[in-house]
Amino acid sequence: MPAARYKRLVDAFAAEIRSGRLTSGTQLPTHRHLAEREGIAVVTATRVYAELEAMGLVSSEHGRGTFVRDQALPPGHGIDQRPLAADSVDLNFNYPALPGQVDLLRQVLRELAGSGDLESLLRYQPHGGRERDRAAVANHLLNRGLDTTPDSVVVVNGAQHGLTVVALAALRPGDLVAADAITYPGFKVIAEALRLELAPIPTTPTGPDLDALGRLCVERPVRAVYTMPTLHNPLGWVMDDGARRQLVAIARRHRLLLIEDAAYAYLAECPPPPLAATAPDVSVYVSGLSKNVATGLRVGFIAAPQARVPAIERAIRATAWNTPALTAAIATRWLEDGTVTRLEAEKRVDARLRQTIAGEILEPFRPLAHPNSYFTWVPLPANARADRIAATLATHGVAISTAEPFAITENPPQAIRLALGSTELGTLADALTTVRRTIEDDQYR
Ligand SMILES: Cc1ncc(COP(=O)(O)O)c(C=O)c1O
């Protein structure tokens with residue numbers, strides 16, 4: 001009977017793959033061939049592959065077929081950060097830091113220890129942050145082209161927390177959110193946890209395909225768009241004025257919320273104003289101090305229409321009560337005394353240098369990247385397999401991400417994403433050369 005036959009086939013494939021008899025990258029028969037070979041219906045063959053895909057054993061690629069996945073990569077690879085061996089090179093997660101930042105931390109801790117304000121740091125804080133912290137953020141946002149007021153700003157535990165509380169405050173389980181087909185993995189995690197449905201917006205090299213978004217909004221009840229107009233992670237685009245206007249028009253026409261993620265926006269020199277500046281009524285702006293200052297600080301911020309602030313504060317209360325006063329106080333000092341602005345300028349130079357090195361080494365693959373950005377997107381040559389390359393590189397002590405964590409479509413492209421900001425400058429070129437050789441070897445396997 002078909003059910004038993006179907007299960008037996010799934011088990012047989014699973015055993016072959018897990019034992020290594022079917023190696024990663026092996027192309028499996030087409031659905032039709034499998035059906036003919038096994039004397040089953042084509043829909044049953046499709047079900048077999050769907051089940052194997054759900055088990056993480058194969059991946060299907062549009063127009064190419066079904067391939068055995070590399071089993072060496074742990075589930076959650078590229079999404080969940082895990083400790084790496086001390087001698088590994090991390091080209092997977094970005095935590096850009098400059099020499100001298102430890103001294104800055106030592107100095108600010110000393111200053112705080114000597115300040116008269118310590119007692120207050122031991123207490124709960126207002127959910128959205130203290131007045132002084134919110135004012136410092138509002139003032140900083142002027143540099144980003146956003147003229148807002150402290151009561152429209154809230155302080156959160158990093159941009160990831162910011163996105164979470166915005167989603168909690170504005171959306172309900174089952175809501176449909178449009179996001180770029182290739183997007184920041186952290187938003188996928190939020191959508192999964194909050195039971196939001198993600199609808200992919202096709203991407204172009206310069207930004208989302210907004211005509212496709214317009215059609216989607218006519219066909220389906222999109223409630224929000226998650227977007228990175230200024231320095232998209234991972235594709236590096238900065239949307240131009242015209243595209244921003246079109247996006248805002250879609251938001252107004254369909255009464256949907258624009259969730260603008262600006263985590264890397266500081267790297268772009270003189271970008272067009274944020275959506276939140278030109279359309280504050282339909283936008284919520286989320287950013288933070290991870291990529292421009294330090295990921296360990298865990299300080300981020302949101303600028304939102306005032307009417308949305310109480311719901312966002314409620315969501316902060318539900319998730320964290322408040323951002324730790326100690327880290328917020330450090331952030332505020334660095335915002336006020338110009339340290340953040342200075343680090344941003346220095347990191348723009350650092351990122352550009354790293355991007356130049358990456359561009360030269362990976363040039364044969366025509367990577368996609370913003371010239372100032374801390375990451376690069378490398379489309380792979382025909383026959384090269386992203387999961388196999390990631391697994392091989394892991395054995396060389398180099399961690400990278402495949403396209404899969406970034407994709408919200410069923411068939412992620414064969415591409416890898418490299419974070420350039422975490423490794424020491426001295427080891428970056430060697431690691432990238434190892435990546436290039438691994439890709440070159442892989443395409444002939
Ligand atoms: C686009 C984007 N948004 C948000 C975040 C989260 O940043 P944070 O460390 O401030 O939570 C990241 C982190 O990599 C990111 O790349």
# chains A, B, ... in the order shown; residues from 1 in each chain; ligands from 1
>>> closest_atom_pairs(of="chain A", to="ligand 1", cutoff="9 Å", atoms="only C-alpha atoms and all ligand atoms", output="CSV")
residue,atom,partner,partner_atom_place_in_ligand_line,distance
A:Phe93,CA,ligand 1,14 (O),7.1
A:Asn94,CA,ligand 1,14 (O),6.5
A:Tyr95,CA,ligand 1,14 (O),8.1
A:Val156,CA,ligand 1,10 (O),8.9
A:Asn157,CA,ligand 1,11 (O),6.9
A:Gly158,CA,ligand 1,10 (O),3.5
A:Ala159,CA,ligand 1,10 (O),3.6
A:Gln160,CA,ligand 1,11 (O),3.6
A:His161,CA,ligand 1,11 (O),6.0
A:Gly162,CA,ligand 1,11 (O),7.5
A:Leu163,CA,ligand 1,4 (C),7.5
A:Thr183,CA,ligand 1,1 (C),7.9
A:Tyr184,CA,ligand 1,1 (C),5.2
A:Pro185,CA,ligand 1,16 (O),8.0
A:Gly186,CA,ligand 1,5 (C),6.7
A:Phe187,CA,ligand 1,3 (N),7.7
A:Met228,CA,ligand 1,1 (C),7.0
A:Leu231,CA,ligand 1,1 (C),8.5
A:His232,CA,ligand 1,1 (C),6.9
A:Asn233,CA,ligand 1,1 (C),5.2
A:Pro234,CA,ligand 1,1 (C),7.9
A:Asp261,CA,ligand 1,3 (N),5.8
A:Ala262,CA,ligand 1,1 (C),6.7
A:Ala263,CA,ligand 1,3 (N),4.8
A:Tyr264,CA,ligand 1,1 (C),6.5
A:Val286,CA,ligand 1,4 (C),8.0
A:Ser287,CA,ligand 1,10 (O),6.6
A:Gly288,CA,ligand 1,10 (O),4.8
A:Leu289,CA,ligand 1,10 (O),6.1
A:Ser290,CA,ligand 1,10 (O),4.7
A:Lys291,CA,ligand 1,9 (O),7.1
A:Ala294,CA,ligand 1,9 (O),8.3
A:Thr295,CA,ligand 1,9 (O),5.2
A:Gly296,CA,ligand 1,9 (O),7.8
A:Leu297,CA,ligand 1,9 (O),8.5
A:Arg298,CA,ligand 1,10 (O),6.2
A:Val299,CA,ligand 1,10 (O),6.5
A:Gly300,CA,ligand 1,10 (O),5.5
A:Phe301,CA,ligand 1,10 (O),8.6
>>> select_by_dssp(residues="stretch 242-309 of chain A", states="helix (DSSP H, G or I)", output="VMD selection string")
chain A and resid 242 to 253 265 to 267 275 to 278 295 to 297 306 to 309
>>> select_by_dssp(residues="stretch 180-424 of chain A", states="strand (DSSP E or B)", output="PyMOL selection string")
chain A and resi 180+182+197-201+203-204+207-208+222-227+230+238+257-261+283-288+300-303+368+375-379+398-399+401-402+407+415-419
>>> residues_around(residues="stretch 192-203 of chain A", least_positions_apart="6", cutoff="6 Å", atoms="only C-alpha atoms", output="short mmCIF file (atom, residue, chain, number, x, y, z; two decimals) with N, CA and C atoms, in the first residue's frame")
data_model
loop_
_atom_site.label_atom_id
_atom_site.label_comp_id
_atom_site.auth_asym_id
_atom_site.auth_seq_id
_atom_site.Cartn_x
_atom_site.Cartn_y
_atom_site.Cartn_z
N PRO A 173 -0.29 36.54 15.66
CA PRO A 173 0.01 35.26 15.01
C PRO A 173 -0.85 35.09 13.75
N GLY A 174 -0.24 34.59 12.72
CA GLY A 174 -0.95 34.38 11.45
C GLY A 174 -0.82 35.56 10.50
N ASP A 175 -0.39 36.72 11.00
CA ASP A 175 -0.26 37.89 10.11
C ASP A 175 0.78 37.62 9.03
N LEU A 176 0.53 38.24 7.89
CA LEU A 176 1.43 38.07 6.76
C LEU A 176 2.39 39.26 6.69
N VAL A 177 3.68 38.94 6.67
CA VAL A 177 4.71 39.99 6.59
C VAL A 177 5.54 39.73 5.33
N ALA A 178 5.68 40.74 4.50
CA ALA A 178 6.52 40.59 3.32
C ALA A 178 7.96 40.94 3.69
N ALA A 179 8.88 40.16 3.19
CA ALA A 179 10.31 40.43 3.44
C ALA A 179 11.09 40.00 2.20
N ASP A 180 12.27 40.58 2.04
CA ASP A 180 13.08 40.23 0.88
C ASP A 180 13.32 38.71 0.87
N ALA A 181 13.30 38.14 -0.33
CA ALA A 181 13.47 36.68 -0.44
C ALA A 181 14.79 36.24 0.22
N ASP A 209 12.06 43.87 -5.51
CA ASP A 209 11.23 44.09 -6.69
C ASP A 209 9.88 44.63 -6.21
N LEU A 213 6.07 43.37 -5.08
CA LEU A 213 5.47 43.62 -3.76
C LEU A 213 4.07 44.22 -3.92
#
>>> closest_atom_pairs(of="stretch 242-312 of chain A", to="stretch 114-129 of chain A", cutoff="10 Å", atoms="only C-alpha atoms", output="Markdown table")
| residue | atom | partner | partner_atom | distance |
| --- | --- | --- | --- | --- |
| A:Phe301 | CA | A:Gly128 | CA | 9.1 |
| A:Ile302 | CA | A:Gly128 | CA | 9.3 |
| A:Val309 | CA | A:Gly128 | CA | 8.5 |
| A:Pro310 | CA | A:Gly128 | CA | 9.0 |
| A:Ile312 | CA | A:Gly128 | CA | 8.2 |
>>> closest_residue(among="A:Asp70, A:Asp11, A:Asp87, A:Asp241", to="A:Thr26", atoms="only C-alpha atoms")
A:Asp70
>>> closest_residue(among="A:Val10, A:Val154, A:Thr148, A:Thr438", to="A:Thr395", atoms="only C-alpha atoms")
A:Thr438
>>> atom_distance(atom1="atom CA of A:Leu247", atom2="atom CA of A:Pro229")
9.8 Å
>>> closest_residue(among="A:Ala277, A:Tyr266, A:Glu410, A:Arg253", to="A:Ala50", atoms="only C-alpha atoms")
A:Glu410
>>> atom_distance(atom1="atom CA of A:Leu28", atom2="atom CA of A:Gly63")
13.4 Å
>>> closest_residue(among="A:Glu53, A:Asp90, A:Glu344, A:Glu313", to="A:Ala399", atoms="only C-alpha atoms")
A:Asp90
>>> residues_around(residues="A:Thr149", least_positions_apart="4", cutoff="9 Å", atoms="only C-alpha atoms", output="list of chain:residue names")
A:Arg134, A:Ala135, A:Ala138, A:Asn139, A:Val153, A:Ala303
>>> residues_around(residues="A:Pro405", least_positions_apart="2", cutoff="10 Å", atoms="only C-alpha atoms", output="list in words")
Gly76, His77, Gly78, Ile79, Asp80, Ile182, Thr183, Tyr184, Pro185, Gly186, Lys188, Val189, Ser401, Thr402, Ala403, Ala407, Ile408, Pro412 and Arg417 of chain A
>>> closest_residue(among="A:Val89, A:Ile259, A:Ala351, A:Leu216", to="A:Ile400", atoms="only C-alpha atoms")
A:Val89
>>> residues_around(residues="A:Pro371", least_positions_apart="4", cutoff="12 Å", atoms="only C-alpha atoms", output="compact mmCIF listing (two decimals) with N, CA and C atoms, in the first residue's frame")
# COMPACT_ATOMS: atom_id res chain seq x y z
N LEU A 231 21.80 49.70 3.25
CA LEU A 231 22.79 48.65 3.44
C LEU A 231 22.17 47.33 3.91
N LEU A 235 22.74 41.53 1.00
CA LEU A 235 22.99 41.84 -0.42
C LEU A 235 23.65 43.20 -0.63
N GLY A 236 23.70 44.03 0.40
CA GLY A 236 24.51 45.25 0.34
C GLY A 236 23.88 46.44 -0.37
N TRP A 237 22.65 46.32 -0.83
CA TRP A 237 22.09 47.45 -1.59
C TRP A 237 21.73 48.62 -0.68
N VAL A 238 21.69 49.83 -1.30
CA VAL A 238 21.11 51.02 -0.68
C VAL A 238 20.02 51.48 -1.63
N LEU A 267 27.19 52.42 7.84
CA LEU A 267 28.33 52.20 6.94
C LEU A 267 28.18 52.93 5.61
N ALA A 268 26.94 53.26 5.25
CA ALA A 268 26.71 53.92 3.96
C ALA A 268 26.96 55.42 4.11
N GLU A 269 27.77 55.95 3.19
CA GLU A 269 28.04 57.40 3.26
C GLU A 269 26.96 58.15 2.50
N ARG A 348 33.83 52.59 9.08
CA ARG A 348 33.59 52.71 7.64
C ARG A 348 34.89 52.48 6.87
N VAL A 349 35.97 53.05 7.40
CA VAL A 349 37.28 52.88 6.75
C VAL A 349 37.72 51.42 6.84
N ASP A 350 37.55 50.84 8.02
CA ASP A 350 37.95 49.44 8.25
C ASP A 350 37.16 48.51 7.33
N ALA A 351 35.85 48.74 7.24
CA ALA A 351 35.00 47.87 6.42
C ALA A 351 35.38 47.99 4.94
N ARG A 352 35.68 49.20 4.53
CA ARG A 352 36.05 49.40 3.11
C ARG A 352 37.34 48.65 2.78
N LEU A 353 38.29 48.71 3.71
CA LEU A 353 39.55 48.00 3.50
C LEU A 353 39.30 46.49 3.39
N ARG A 354 38.51 45.97 4.32
CA ARG A 354 38.22 44.52 4.31
C ARG A 354 37.47 44.13 3.03
N GLN A 355 36.56 44.99 2.62
CA GLN A 355 35.77 44.70 1.41
C GLN A 355 36.67 44.71 0.18
N THR A 356 37.66 45.60 0.17
CA THR A 356 38.59 45.64 -0.97
C THR A 356 39.38 44.34 -1.04
N ILE A 357 39.85 43.89 0.13
CA ILE A 357 40.61 42.63 0.16
C ILE A 357 39.72 41.49 -0.36
N ALA A 358 38.49 41.44 0.14
CA ALA A 358 37.57 40.36 -0.26
C ALA A 358 37.28 40.43 -1.75
N GLY A 359 37.05 41.66 -2.24
CA GLY A 359 36.72 41.83 -3.66
C GLY A 359 37.83 41.31 -4.55
N GLU A 360 39.09 41.58 -4.14
CA GLU A 360 40.21 41.13 -4.97
C GLU A 360 40.33 39.61 -4.97
N PRO A 367 31.38 38.65 -6.55
CA PRO A 367 30.56 38.79 -5.34
C PRO A 367 29.72 40.06 -5.37
N PHE A 375 30.25 42.59 4.89
CA PHE A 375 29.92 41.24 4.43
C PHE A 375 29.87 41.22 2.91
N THR A 376 29.94 40.02 2.39
CA THR A 376 29.87 39.86 0.94
C THR A 376 29.09 38.60 0.62
